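Below is structure_13.pdb, which holds PDB, C-alpha atoms and all ligand atoms.
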```pdb
ATOM      1  CA  MET A  28      17.935 -31.889  19.053  1.00  0.00           C
ATOM      2  CA  ALA A  29      17.445 -28.205  19.832  1.00  0.00           C
ATOM      3  CA  GLY A  30      20.214 -25.689  19.082  1.00  0.00           C
ATOM      4  CA  THR A  31      21.550 -23.547  16.263  1.00  0.00           C
ATOM      5  CA  PRO A  32      20.323 -24.804  12.883  1.00  0.00           C
ATOM      6  CA  ALA A  33      22.962 -26.099  10.444  1.00  0.00           C
ATOM      7  CA  VAL A  34      24.513 -23.451   8.199  1.00  0.00           C
ATOM      8  CA  ARG A  35      22.642 -23.190   4.911  1.00  0.00           C
ATOM      9  CA  MET A  36      24.810 -21.747   2.123  1.00  0.00           C
ATOM     10  CA  LEU A  37      23.015 -19.453  -0.311  1.00  0.00           C
ATOM     11  CA  PRO A  38      24.787 -18.761  -3.627  1.00  0.00           C
ATOM     12  CA  LYS A  39      23.806 -15.077  -3.480  1.00  0.00           C
ATOM     13  CA  ALA A  40      21.676 -12.653  -1.501  1.00  0.00           C
ATOM     14  CA  VAL A  41      17.918 -13.091  -1.680  1.00  0.00           C
ATOM     15  CA  THR A  42      16.283 -11.296  -4.620  1.00  0.00           C
ATOM     16  CA  PHE A  43      12.933  -9.639  -3.946  1.00  0.00           C
ATOM     17  CA  VAL A  44      11.046  -9.989  -7.227  1.00  0.00           C
ATOM     18  CA  THR A  45       8.147  -7.654  -7.987  1.00  0.00           C
ATOM     19  CA  GLY A  46       6.815  -5.454 -10.750  1.00  0.00           C
ATOM     20  CA  ASN A  47       5.318  -3.057  -8.187  1.00  0.00           C
ATOM     21  CA  ALA A  48       7.517  -0.093  -7.209  1.00  0.00           C
ATOM     22  CA  LYS A  49       5.319   0.865  -4.221  1.00  0.00           C
ATOM     23  CA  LYS A  50       5.650  -2.619  -2.722  1.00  0.00           C
ATOM     24  CA  LEU A  51       9.410  -2.434  -3.135  1.00  0.00           C
ATOM     25  CA  GLU A  52       9.511   0.976  -1.439  1.00  0.00           C
ATOM     26  CA  GLU A  53       7.623  -0.414   1.579  1.00  0.00           C
ATOM     27  CA  VAL A  54       9.668  -3.619   1.748  1.00  0.00           C
ATOM     28  CA  ARG A  55      12.873  -1.536   1.732  1.00  0.00           C
ATOM     29  CA  ALA A  56      11.577   0.705   4.517  1.00  0.00           C
ATOM     30  CA  ILE A  57      10.356  -2.208   6.654  1.00  0.00           C
ATOM     31  CA  LEU A  58      13.316  -4.569   6.263  1.00  0.00           C
ATOM     32  CA  GLY A  59      16.030  -1.925   6.431  1.00  0.00           C
ATOM     33  CA  THR A  60      19.263  -3.845   6.836  1.00  0.00           C
ATOM     34  CA  SER A  61      17.697  -6.725   8.815  1.00  0.00           C
ATOM     35  CA  VAL A  62      17.506  -8.993   5.763  1.00  0.00           C
ATOM     36  CA  PRO A  63      20.098  -8.349   3.044  1.00  0.00           C
ATOM     37  CA  PHE A  64      18.348  -8.409  -0.318  1.00  0.00           C
ATOM     38  CA  GLN A  65      18.533  -7.099  -3.842  1.00  0.00           C
ATOM     39  CA  SER A  66      15.538  -6.409  -6.035  1.00  0.00           C
ATOM     40  CA  LEU A  67      14.504  -7.362  -9.526  1.00  0.00           C
ATOM     41  CA  LYS A  68      11.678  -5.720 -11.417  1.00  0.00           C
ATOM     42  CA  LEU A  69       9.831  -8.522 -13.102  1.00  0.00           C
ATOM     43  CA  ASP A  70       6.117  -8.523 -13.716  1.00  0.00           C
ATOM     44  CA  PRO A  71       5.003 -12.039 -12.810  1.00  0.00           C
ATOM     45  CA  PRO A  72       1.864 -13.266 -14.569  1.00  0.00           C
ATOM     46  CA  GLU A  73      -1.378 -12.573 -12.645  1.00  0.00           C
ATOM     47  CA  LEU A  74      -2.096 -16.127 -11.532  1.00  0.00           C
ATOM     48  CA  GLN A  75      -5.523 -17.243 -10.312  1.00  0.00           C
ATOM     49  CA  GLY A  76      -6.345 -19.349  -7.287  1.00  0.00           C
ATOM     50  CA  GLU A  77      -5.907 -19.264  -3.538  1.00  0.00           C
ATOM     51  CA  PRO A  78      -3.570 -16.473  -2.373  1.00  0.00           C
ATOM     52  CA  GLU A  79      -1.094 -18.875  -0.750  1.00  0.00           C
ATOM     53  CA  ASP A  80      -0.883 -21.019  -3.903  1.00  0.00           C
ATOM     54  CA  ILE A  81      -0.409 -17.887  -6.053  1.00  0.00           C
ATOM     55  CA  SER A  82       2.373 -16.635  -3.814  1.00  0.00           C
ATOM     56  CA  LYS A  83       4.164 -20.011  -3.809  1.00  0.00           C
ATOM     57  CA  GLU A  84       3.860 -20.364  -7.571  1.00  0.00           C
ATOM     58  CA  LYS A  85       5.252 -16.835  -8.049  1.00  0.00           C
ATOM     59  CA  ALA A  86       8.223 -17.876  -5.894  1.00  0.00           C
ATOM     60  CA  ARG A  87       8.829 -21.067  -7.891  1.00  0.00           C
ATOM     61  CA  MET A  88       8.771 -19.131 -11.170  1.00  0.00           C
ATOM     62  CA  ALA A  89      10.998 -16.380  -9.802  1.00  0.00           C
ATOM     63  CA  ALA A  90      13.531 -18.846  -8.342  1.00  0.00           C
ATOM     64  CA  SER A  91      14.011 -20.580 -11.666  1.00  0.00           C
ATOM     65  CA  LYS A  92      14.318 -17.229 -13.463  1.00  0.00           C
ATOM     66  CA  VAL A  93      16.846 -15.831 -10.965  1.00  0.00           C
ATOM     67  CA  ASN A  94      18.514 -19.214 -10.373  1.00  0.00           C
ATOM     68  CA  GLY A  95      18.907 -18.407  -6.716  1.00  0.00           C
ATOM     69  CA  PRO A  96      17.029 -17.510  -3.537  1.00  0.00           C
ATOM     70  CA  VAL A  97      13.990 -15.277  -4.007  1.00  0.00           C
ATOM     71  CA  LEU A  98      11.335 -13.541  -1.973  1.00  0.00           C
ATOM     72  CA  VAL A  99       8.002 -12.630  -3.587  1.00  0.00           C
ATOM     73  CA  GLU A 100       4.653 -11.547  -2.238  1.00  0.00           C
ATOM     74  CA  ASP A 101       1.010 -11.609  -3.156  1.00  0.00           C
ATOM     75  CA  THR A 102      -1.435  -9.151  -1.645  1.00  0.00           C
ATOM     76  CA  CYS A 103      -5.207  -9.162  -1.498  1.00  0.00           C
ATOM     77  CA  LEU A 104      -7.990  -7.090  -0.031  1.00  0.00           C
ATOM     78  CA  CYS A 105     -10.821  -9.325   1.163  1.00  0.00           C
ATOM     79  CA  PHE A 106     -14.362  -8.169   1.939  1.00  0.00           C
ATOM     80  CA  ASN A 107     -15.971 -10.184   4.725  1.00  0.00           C
ATOM     81  CA  ALA A 108     -19.510  -9.564   3.436  1.00  0.00           C
ATOM     82  CA  LEU A 109     -18.650 -11.267   0.175  1.00  0.00           C
ATOM     83  CA  LYS A 110     -17.426 -14.371   1.953  1.00  0.00           C
ATOM     84  CA  GLY A 111     -19.967 -14.619   4.755  1.00  0.00           C
ATOM     85  CA  LEU A 112     -22.712 -15.220   2.249  1.00  0.00           C
ATOM     86  CA  PRO A 113     -26.417 -15.249   2.988  1.00  0.00           C
ATOM     87  CA  VAL A 114     -27.813 -18.564   1.790  1.00  0.00           C
ATOM     88  CA  PHE A 115     -31.114 -18.023   0.010  1.00  0.00           C
ATOM     89  CA  ASN A 116     -33.225 -20.018  -2.453  1.00  0.00           C
ATOM     90  CA  GLY A 117     -32.187 -22.011  -5.500  1.00  0.00           C
ATOM     91  CA  PHE A 118     -30.020 -19.245  -6.940  1.00  0.00           C
ATOM     92  CA  ALA A 119     -27.660 -19.454  -3.984  1.00  0.00           C
ATOM     93  CA  ASN A 120     -25.078 -21.643  -5.732  1.00  0.00           C
ATOM     94  CA  LEU A 121     -24.983 -19.443  -8.805  1.00  0.00           C
ATOM     95  CA  PHE A 122     -24.705 -16.417  -6.532  1.00  0.00           C
ATOM     96  CA  VAL A 123     -21.841 -18.039  -4.600  1.00  0.00           C
ATOM     97  CA  LEU A 124     -20.081 -18.905  -7.864  1.00  0.00           C
ATOM     98  CA  CYS A 125     -20.410 -15.303  -9.112  1.00  0.00           C
ATOM     99  CA  LEU A 126     -19.004 -13.965  -5.859  1.00  0.00           C
ATOM    100  CA  GLU A 127     -16.112 -16.432  -5.968  1.00  0.00           C
ATOM    101  CA  ILE A 128     -15.261 -15.212  -9.473  1.00  0.00           C
ATOM    102  CA  LEU A 129     -15.577 -11.617  -8.275  1.00  0.00           C
ATOM    103  CA  HIS A 130     -13.308 -12.405  -5.321  1.00  0.00           C
ATOM    104  CA  ILE A 131     -10.611 -13.738  -7.655  1.00  0.00           C
ATOM    105  CA  TRP A 132     -10.929 -10.755 -10.021  1.00  0.00           C
ATOM    106  CA  MET A 133     -10.811  -8.265  -7.163  1.00  0.00           C
ATOM    107  CA  ASN A 134      -7.320  -9.278  -6.322  1.00  0.00           C
ATOM    108  CA  ARG A 135      -5.969  -8.844  -9.794  1.00  0.00           C
ATOM    109  CA  LYS A 136      -4.433  -5.465 -10.391  1.00  0.00           C
ATOM    110  CA  TRP A 137      -6.560  -4.507 -13.400  1.00  0.00           C
ATOM    111  CA  PHE A 138      -9.722  -4.869 -11.311  1.00  0.00           C
ATOM    112  CA  LEU A 139      -9.086  -1.684  -9.323  1.00  0.00           C
ATOM    113  CA  GLU A 140      -8.107   0.203 -12.491  1.00  0.00           C
ATOM    114  CA  LYS A 141     -11.485  -0.660 -14.004  1.00  0.00           C
ATOM    115  CA  ILE A 142     -13.749  -0.274 -11.013  1.00  0.00           C
ATOM    116  CA  GLY A 143     -12.021   2.542  -9.073  1.00  0.00           C
ATOM    117  CA  HIS A 144     -12.363   3.433  -5.390  1.00  0.00           C
ATOM    118  CA  GLU A 145     -16.033   4.277  -5.722  1.00  0.00           C
ATOM    119  CA  GLY A 146     -16.671   0.927  -7.361  1.00  0.00           C
ATOM    120  CA  LEU A 147     -15.036  -0.873  -4.425  1.00  0.00           C
ATOM    121  CA  ASN A 148     -17.422   0.963  -2.061  1.00  0.00           C
ATOM    122  CA  ASN A 149     -20.375   0.194  -4.329  1.00  0.00           C
ATOM    123  CA  LEU A 150     -19.634  -3.528  -4.153  1.00  0.00           C
ATOM    124  CA  LEU A 151     -20.569  -3.370  -0.476  1.00  0.00           C
ATOM    125  CA  LYS A 152     -23.564  -1.064  -0.863  1.00  0.00           C
ATOM    126  CA  ALA A 153     -26.051  -3.868  -0.347  1.00  0.00           C
ATOM    127  CA  TYR A 154     -24.315  -5.015   2.835  1.00  0.00           C
ATOM    128  CA  GLU A 155     -24.214  -3.532   6.308  1.00  0.00           C
ATOM    129  CA  ASP A 156     -20.942  -5.299   6.946  1.00  0.00           C
ATOM    130  CA  LYS A 157     -18.190  -3.065   5.542  1.00  0.00           C
ATOM    131  CA  SER A 158     -15.422  -5.006   7.259  1.00  0.00           C
ATOM    132  CA  ALA A 159     -12.471  -6.261   5.285  1.00  0.00           C
ATOM    133  CA  TYR A 160      -8.911  -7.406   5.763  1.00  0.00           C
ATOM    134  CA  ALA A 161      -5.717  -6.758   3.893  1.00  0.00           C
ATOM    135  CA  MET A 162      -3.564  -9.843   3.528  1.00  0.00           C
ATOM    136  CA  CYS A 163      -0.032 -10.274   2.338  1.00  0.00           C
ATOM    137  CA  ILE A 164       1.675 -13.603   1.729  1.00  0.00           C
ATOM    138  CA  PHE A 165       5.422 -13.590   1.264  1.00  0.00           C
ATOM    139  CA  SER A 166       7.058 -16.711  -0.147  1.00  0.00           C
ATOM    140  CA  LEU A 167      10.731 -17.477   0.211  1.00  0.00           C
ATOM    141  CA  ALA A 168      12.223 -20.051  -2.173  1.00  0.00           C
ATOM    142  CA  LEU A 169      15.865 -20.785  -1.458  1.00  0.00           C
ATOM    143  CA  GLY A 170      16.493 -21.841  -5.055  1.00  0.00           C
ATOM    144  CA  PRO A 171      14.946 -23.523  -8.102  1.00  0.00           C
ATOM    145  CA  GLY A 172      13.038 -26.679  -7.172  1.00  0.00           C
ATOM    146  CA  GLU A 173      12.930 -25.765  -3.451  1.00  0.00           C
ATOM    147  CA  GLU A 174       9.547 -25.755  -1.711  1.00  0.00           C
ATOM    148  CA  PRO A 175       8.682 -22.132  -0.822  1.00  0.00           C
ATOM    149  CA  ILE A 176       8.174 -21.137   2.825  1.00  0.00           C
ATOM    150  CA  THR A 177       5.260 -18.726   3.397  1.00  0.00           C
ATOM    151  CA  PHE A 178       4.753 -15.839   5.836  1.00  0.00           C
ATOM    152  CA  VAL A 179       1.256 -14.384   6.215  1.00  0.00           C
ATOM    153  CA  GLY A 180       0.310 -10.953   7.549  1.00  0.00           C
ATOM    154  CA  LYS A 181      -3.264  -9.752   7.978  1.00  0.00           C
ATOM    155  CA  THR A 182      -4.701  -6.392   9.054  1.00  0.00           C
ATOM    156  CA  PRO A 183      -8.440  -6.044   9.727  1.00  0.00           C
ATOM    157  CA  GLY A 184     -10.309  -2.853   8.855  1.00  0.00           C
ATOM    158  CA  ILE A 185     -13.295  -1.353   7.055  1.00  0.00           C
ATOM    159  CA  ILE A 186     -13.979  -0.072   3.550  1.00  0.00           C
ATOM    160  CA  VAL A 187     -14.708   3.671   3.452  1.00  0.00           C
ATOM    161  CA  PRO A 188     -15.155   6.328   0.743  1.00  0.00           C
ATOM    162  CA  ALA A 189     -11.686   7.269  -0.539  1.00  0.00           C
ATOM    163  CA  ARG A 190      -9.603   9.619   1.623  1.00  0.00           C
ATOM    164  CA  GLY A 191      -5.966  10.596   1.167  1.00  0.00           C
ATOM    165  CA  PRO A 192      -3.441  10.454  -1.674  1.00  0.00           C
ATOM    166  CA  SER A 193      -4.182   7.977  -4.475  1.00  0.00           C
ATOM    167  CA  ASP A 194      -0.653   6.869  -5.248  1.00  0.00           C
ATOM    168  CA  PHE A 195      -1.009   3.261  -4.063  1.00  0.00           C
ATOM    169  CA  GLY A 196      -3.915   1.033  -5.056  1.00  0.00           C
ATOM    170  CA  TRP A 197      -6.765   0.734  -2.560  1.00  0.00           C
ATOM    171  CA  ASP A 198      -4.921   2.469   0.322  1.00  0.00           C
ATOM    172  CA  PRO A 199      -7.448   5.401   0.290  1.00  0.00           C
ATOM    173  CA  VAL A 200     -10.469   3.128   0.917  1.00  0.00           C
ATOM    174  CA  PHE A 201      -8.997   0.904   3.639  1.00  0.00           C
ATOM    175  CA  GLN A 202      -9.213   2.142   7.238  1.00  0.00           C
ATOM    176  CA  PRO A 203      -7.507  -0.265   9.643  1.00  0.00           C
ATOM    177  CA  ASP A 204      -9.296  -1.107  12.906  1.00  0.00           C
ATOM    178  CA  GLY A 205      -8.297   1.173  15.776  1.00  0.00           C
ATOM    179  CA  PHE A 206      -7.427   4.100  13.468  1.00  0.00           C
ATOM    180  CA  GLU A 207      -9.368   7.071  12.151  1.00  0.00           C
ATOM    181  CA  GLN A 208      -7.157   7.436   9.096  1.00  0.00           C
ATOM    182  CA  THR A 209      -7.068   5.336   5.964  1.00  0.00           C
ATOM    183  CA  TYR A 210      -3.787   3.664   4.980  1.00  0.00           C
ATOM    184  CA  ALA A 211      -3.354   6.499   2.454  1.00  0.00           C
ATOM    185  CA  GLU A 212      -3.808   9.244   5.065  1.00  0.00           C
ATOM    186  CA  MET A 213      -1.470   7.882   7.708  1.00  0.00           C
ATOM    187  CA  PRO A 214       2.288   8.478   7.702  1.00  0.00           C
ATOM    188  CA  LYS A 215       4.108   5.673   5.882  1.00  0.00           C
ATOM    189  CA  SER A 216       5.945   4.755   9.073  1.00  0.00           C
ATOM    190  CA  VAL A 217       2.610   4.089  10.824  1.00  0.00           C
ATOM    191  CA  LYS A 218       1.200   2.095   7.899  1.00  0.00           C
ATOM    192  CA  ASN A 219       4.352  -0.027   7.781  1.00  0.00           C
ATOM    193  CA  GLN A 220       4.105  -0.817  11.485  1.00  0.00           C
ATOM    194  CA  ILE A 221       0.545  -2.125  11.402  1.00  0.00           C
ATOM    195  CA  SER A 222       0.055  -3.138   7.774  1.00  0.00           C
ATOM    196  CA  HIS A 223      -0.476  -6.598   6.317  1.00  0.00           C
ATOM    197  CA  ARG A 224       2.972  -6.190   4.727  1.00  0.00           C
ATOM    198  CA  GLY A 225       4.622  -5.056   7.963  1.00  0.00           C
ATOM    199  CA  ARG A 226       3.164  -8.032   9.851  1.00  0.00           C
ATOM    200  CA  ALA A 227       4.214 -10.580   7.243  1.00  0.00           C
ATOM    201  CA  LEU A 228       7.706  -9.076   7.075  1.00  0.00           C
ATOM    202  CA  ALA A 229       8.041  -9.277  10.869  1.00  0.00           C
ATOM    203  CA  LEU A 230       7.793 -13.064  10.400  1.00  0.00           C
ATOM    204  CA  VAL A 231      10.295 -12.957   7.531  1.00  0.00           C
ATOM    205  CA  LYS A 232      12.710 -11.061   9.805  1.00  0.00           C
ATOM    206  CA  GLU A 233      12.233 -13.636  12.598  1.00  0.00           C
ATOM    207  CA  HIS A 234      12.920 -16.420  10.113  1.00  0.00           C
ATOM    208  CA  PHE A 235      16.161 -14.826   8.936  1.00  0.00           C
ATOM    209  CA  ALA A 236      17.230 -14.111  12.506  1.00  0.00           C
ATOM    210  CA  SER A 237      16.888 -17.782  13.471  1.00  0.00           C
ATOM    211  CA  ALA A 238      17.895 -19.537  10.221  1.00  0.00           C
ATOM    212  CA  ASN A 239      21.598 -19.906   9.729  1.00  0.00           C
ATOM    213  CA  TYR A 240      21.923 -18.602   6.163  1.00  0.00           C
ATOM    214  CA  THR A 241      25.371 -17.740   4.843  1.00  0.00           C
ATOM    215  CA  ILE A 242      25.745 -15.942   1.545  1.00  0.00           C
ATOM    216  CA  GLN A 243      28.574 -17.244  -0.630  1.00  0.00           C
ATOM    217  CA  ASN A 244      29.221 -13.957  -2.392  1.00  0.00           C
ATOM    218  CA  ASP A 245      28.104 -10.403  -1.670  1.00  0.00           C
ATOM    219  CA  GLY A 246      25.178 -10.624  -4.052  1.00  0.00           C
ATOM    220  CA  SER A 247      26.491  -7.878  -6.286  1.00  0.00           C
ATOM    221  CA  ALA A 248      26.489 -10.197  -9.320  1.00  0.00           C
TER     222      ALA A 248
HETATM  223  O1  LIG B 301      -3.548   0.057  -1.693  1.00  0.00           O
HETATM  224  C1  LIG B 301      -2.765  -0.869  -1.692  1.00  0.00           C
HETATM  225  N1  LIG B 301      -1.965  -1.039  -0.603  1.00  0.00           N
HETATM  226  C2  LIG B 301      -1.070  -2.040  -0.486  1.00  0.00           C
HETATM  227  O2  LIG B 301      -0.368  -2.143   0.527  1.00  0.00           O
HETATM  228  C3  LIG B 301      -1.002  -2.936  -1.581  1.00  0.00           C
HETATM  229  N2  LIG B 301      -0.247  -4.010  -1.861  1.00  0.00           N
HETATM  230  C4  LIG B 301      -0.615  -4.449  -3.070  1.00  0.00           C
HETATM  231  N3  LIG B 301      -1.579  -3.689  -3.584  1.00  0.00           N
HETATM  232  C5  LIG B 301      -2.294  -3.832  -4.840  1.00  0.00           C
HETATM  233  O3  LIG B 301      -3.034  -5.044  -4.805  1.00  0.00           O
HETATM  234  C6  LIG B 301      -3.015  -5.688  -6.072  1.00  0.00           C
HETATM  235  C7  LIG B 301      -2.425  -7.015  -5.768  1.00  0.00           C
HETATM  236  O4  LIG B 301      -1.694  -7.594  -6.785  1.00  0.00           O
HETATM  237  P1  LIG B 301      -0.285  -8.293  -6.638  1.00  0.00           P
HETATM  238  O5  LIG B 301       0.008  -8.763  -5.249  1.00  0.00           O
HETATM  239  O6  LIG B 301      -0.203  -9.299  -7.718  1.00  0.00           O
HETATM  240  O7  LIG B 301       0.698  -7.064  -6.906  1.00  0.00           O
HETATM  241  P2  LIG B 301       1.378  -6.537  -8.227  1.00  0.00           P
HETATM  242  O8  LIG B 301       0.928  -7.311  -9.431  1.00  0.00           O
HETATM  243  O9  LIG B 301       1.183  -5.068  -8.281  1.00  0.00           O
HETATM  244  O10 LIG B 301       2.922  -6.804  -7.949  1.00  0.00           O
HETATM  245  P3  LIG B 301       3.775  -8.178  -8.117  1.00  0.00           P
HETATM  246  O11 LIG B 301       2.829  -9.312  -8.334  1.00  0.00           O
HETATM  247  O12 LIG B 301       4.659  -7.954  -9.315  1.00  0.00           O
HETATM  248  O13 LIG B 301       4.556  -8.287  -6.848  1.00  0.00           O
HETATM  249  C8  LIG B 301      -2.212  -4.753  -6.970  1.00  0.00           C
HETATM  250  O14 LIG B 301      -3.102  -3.885  -7.630  1.00  0.00           O
HETATM  251  C9  LIG B 301      -1.363  -3.940  -6.015  1.00  0.00           C
HETATM  252  O15 LIG B 301      -1.037  -2.644  -6.475  1.00  0.00           O
HETATM  253  C10 LIG B 301      -1.843  -2.738  -2.699  1.00  0.00           C
HETATM  254  N4  LIG B 301      -2.718  -1.716  -2.742  1.00  0.00           N
HETATM  255 MG    MG B 302       1.015  -9.379  -9.541  1.00  0.00          MG
END
```
Let's see the structure in the file written out as structure tokens.
Amino acid sequence: MAGTPAVRMLPKAVTFVTGNAKKLEEVRAILGTSVPFQSLKLDPPELQGEPEDISKEKARMAASKVNGPVLVEDTCLCFNALKGLPVFNGFANLFVLCLEILHIWMNRKWFLEKIGHEGLNNLLKAYEDKSAYAMCIFSLALGPGEEPITFVGKTPGIIVPARGPSDFGWDPVFQPDGFEQTYAEMPKSVKNQISHRGRALALVKEHFASANYTIQNDGSA
């Protein structure tokens, strides 16, 4: 039957768990007061696998640590040329395997530290296709043992030589479609409106606006 969903009591406000201060800054700016949350700086292990599985597993681990409702996210920058692979000769499978491994590594935070912005551009040197997309998967687990709900945001763009401040990851080399500036060059308010994170959080906001969550205490504990 359609109508207002049943009230779901949450023992405390949702905790956004991340070890990344820049993510937290953006999440704060995007959510404002639309979703009441507190934050916890915890560096979750860098899991391997499909982004959605990583995000869900982060949420499960965080929910048991916090013993309450949590929101986590996993972000990746995906290069289309490395997925749309040319199939050639008997080495193709080995080539595909190497690229799969590379794809997994690329989305771990130490990869950028090692390879740098120039290295990210060099990865695409052999390809005409410089297109990429930034993807963010938020997972909300309402408590330990609860199946996480996911919210995906994607922004298409291209990889360019670095431009703009280097204070957040690969922002200087990602230029979203329809813009002449890289994420790093544009005002934060513009990035947050069109970014992978902004799009995923729009879905999180919609979810909170329609779900009937009631917080038992004010979350200050
Ligand atoms: O230029 C960027 N613009 C962004 O908008 C953005 N969002 C995330 N990242 C980086 O992508 C890697 C993903 O790793 P990631 O999702 O596991 O994050 P993390 O380990 O830093 O934090 P967390 O897992 O504790 O939440 C890390 O190097 C992050 O710094 C970004 N870089
Ligand atoms: Mg991480």
Worksheet item: In Å, with one decimal, what is the gap from CA of Lys157 in chain A to CA of Val99 in chain A?
Response: 29.3 Å
Worksheet entry | Close residues, Glu155 in chain A itself excluded, 12 Å, all atoms listed in the file, min 3 positions apart in chain, as a list in words | Phe106, Asn107, Ala108, Leu109, Gly111, Asn148, Asn149, Leu150, Leu151, Lys152, Ser158, Ile185 and Ile186 of chain A
Using the chain letters and numbers from the file, which residues does the PyMOL selection byres (((chain A and resi 209) around 9) and not hetatm) grab, as a PDB file with C-alpha atoms, keeping the file's coordinate frame?
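Saved as part27.pdb:
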```pdb
ATOM      1  CA  VAL A 187     -14.708   3.671   3.452  1.00  0.00           C
ATOM      2  CA  ALA A 189     -11.686   7.269  -0.539  1.00  0.00           C
ATOM      3  CA  ARG A 190      -9.603   9.619   1.623  1.00  0.00           C
ATOM      4  CA  GLY A 191      -5.966  10.596   1.167  1.00  0.00           C
ATOM      5  CA  ASP A 198      -4.921   2.469   0.322  1.00  0.00           C
ATOM      6  CA  PRO A 199      -7.448   5.401   0.290  1.00  0.00           C
ATOM      7  CA  VAL A 200     -10.469   3.128   0.917  1.00  0.00           C
ATOM      8  CA  PHE A 201      -8.997   0.904   3.639  1.00  0.00           C
ATOM      9  CA  GLN A 202      -9.213   2.142   7.238  1.00  0.00           C
ATOM     10  CA  PRO A 203      -7.507  -0.265   9.643  1.00  0.00           C
ATOM     11  CA  PHE A 206      -7.427   4.100  13.468  1.00  0.00           C
ATOM     12  CA  GLU A 207      -9.368   7.071  12.151  1.00  0.00           C
ATOM     13  CA  GLN A 208      -7.157   7.436   9.096  1.00  0.00           C
ATOM     14  CA  TYR A 210      -3.787   3.664   4.980  1.00  0.00           C
ATOM     15  CA  ALA A 211      -3.354   6.499   2.454  1.00  0.00           C
ATOM     16  CA  GLU A 212      -3.808   9.244   5.065  1.00  0.00           C
ATOM     17  CA  MET A 213      -1.470   7.882   7.708  1.00  0.00           C
TER      18      MET A 213
END
```
Discussion item. Need the shell around Asn219 in chain A: protein/DNA/RNA residues with any atom at most 8 Å away, counting all atoms listed in the file. Skip same-chain ones fewer than 6 positions apart. Format as a PyMOL selection string?
Written reply: chain A and resi 53+56-57+225
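What the PyMOL selection byres (((not hetatm)) within 6 of (chain B and resi 301)) grabs from this file is Thr45, Gly46, Asn47, Asp70, Pro71, Glu100, Asp101, Thr102, Cys103, Asn134, Arg135, Lys136, Phe195, Gly196, Trp197 and Asp198 of chain A.
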Practice prompt. Excluding Pro96 in chain A and any residue of its chain fewer than 5 positions from it, enumerate the residues within 8 Å of it, using only C-alpha atoms, and give them as an MDAnalysis selection string.
Written response: chainID A and resid 37:42 90 167:171
Write range 218-231 of chain A as a CSV table (one decimal), keeping the file's coordinate frame, completed to N, CA and C atoms.
```csv
chain,number,residue,atom,x,y,z
A,218,LYS,N,1.7,3.2,8.7
A,218,LYS,CA,1.2,2.1,7.9
A,218,LYS,C,2.1,0.9,8.0
A,219,ASN,N,3.4,1.1,7.8
A,219,ASN,CA,4.4,0.0,7.8
A,219,ASN,C,4.4,-0.8,9.1
A,220,GLN,N,4.1,-0.1,10.2
A,220,GLN,CA,4.1,-0.8,11.5
A,220,GLN,C,2.9,-1.8,11.7
A,221,ILE,N,1.8,-1.4,11.1
A,221,ILE,CA,0.5,-2.1,11.4
A,221,ILE,C,0.0,-2.8,10.2
A,222,SER,N,0.6,-2.6,9.0
A,222,SER,CA,0.1,-3.1,7.8
A,222,SER,C,0.2,-4.7,7.6
A,223,HIS,N,-0.6,-5.2,6.7
A,223,HIS,CA,-0.5,-6.6,6.3
A,223,HIS,C,1.0,-6.9,5.9
A,224,ARG,N,1.6,-6.0,5.2
A,224,ARG,CA,3.0,-6.2,4.7
A,224,ARG,C,3.9,-6.1,5.9
A,225,GLY,N,3.7,-5.2,6.8
A,225,GLY,CA,4.6,-5.1,8.0
A,225,GLY,C,4.6,-6.3,8.8
A,226,ARG,N,3.3,-6.8,9.0
A,226,ARG,CA,3.2,-8.0,9.9
A,226,ARG,C,3.8,-9.3,9.2
A,227,ALA,N,3.6,-9.4,7.9
A,227,ALA,CA,4.2,-10.6,7.2
A,227,ALA,C,5.7,-10.5,7.3
A,228,LEU,N,6.2,-9.2,7.1
A,228,LEU,CA,7.7,-9.1,7.1
A,228,LEU,C,8.3,-9.2,8.5
A,229,ALA,N,7.5,-9.0,9.5
A,229,ALA,CA,8.0,-9.3,10.9
A,229,ALA,C,8.4,-10.8,11.0
A,230,LEU,N,7.5,-11.6,10.4
A,230,LEU,CA,7.8,-13.1,10.4
A,230,LEU,C,9.0,-13.4,9.5
A,231,VAL,N,9.1,-12.7,8.4
A,231,VAL,CA,10.3,-13.0,7.5
A,231,VAL,C,11.6,-12.6,8.3
```
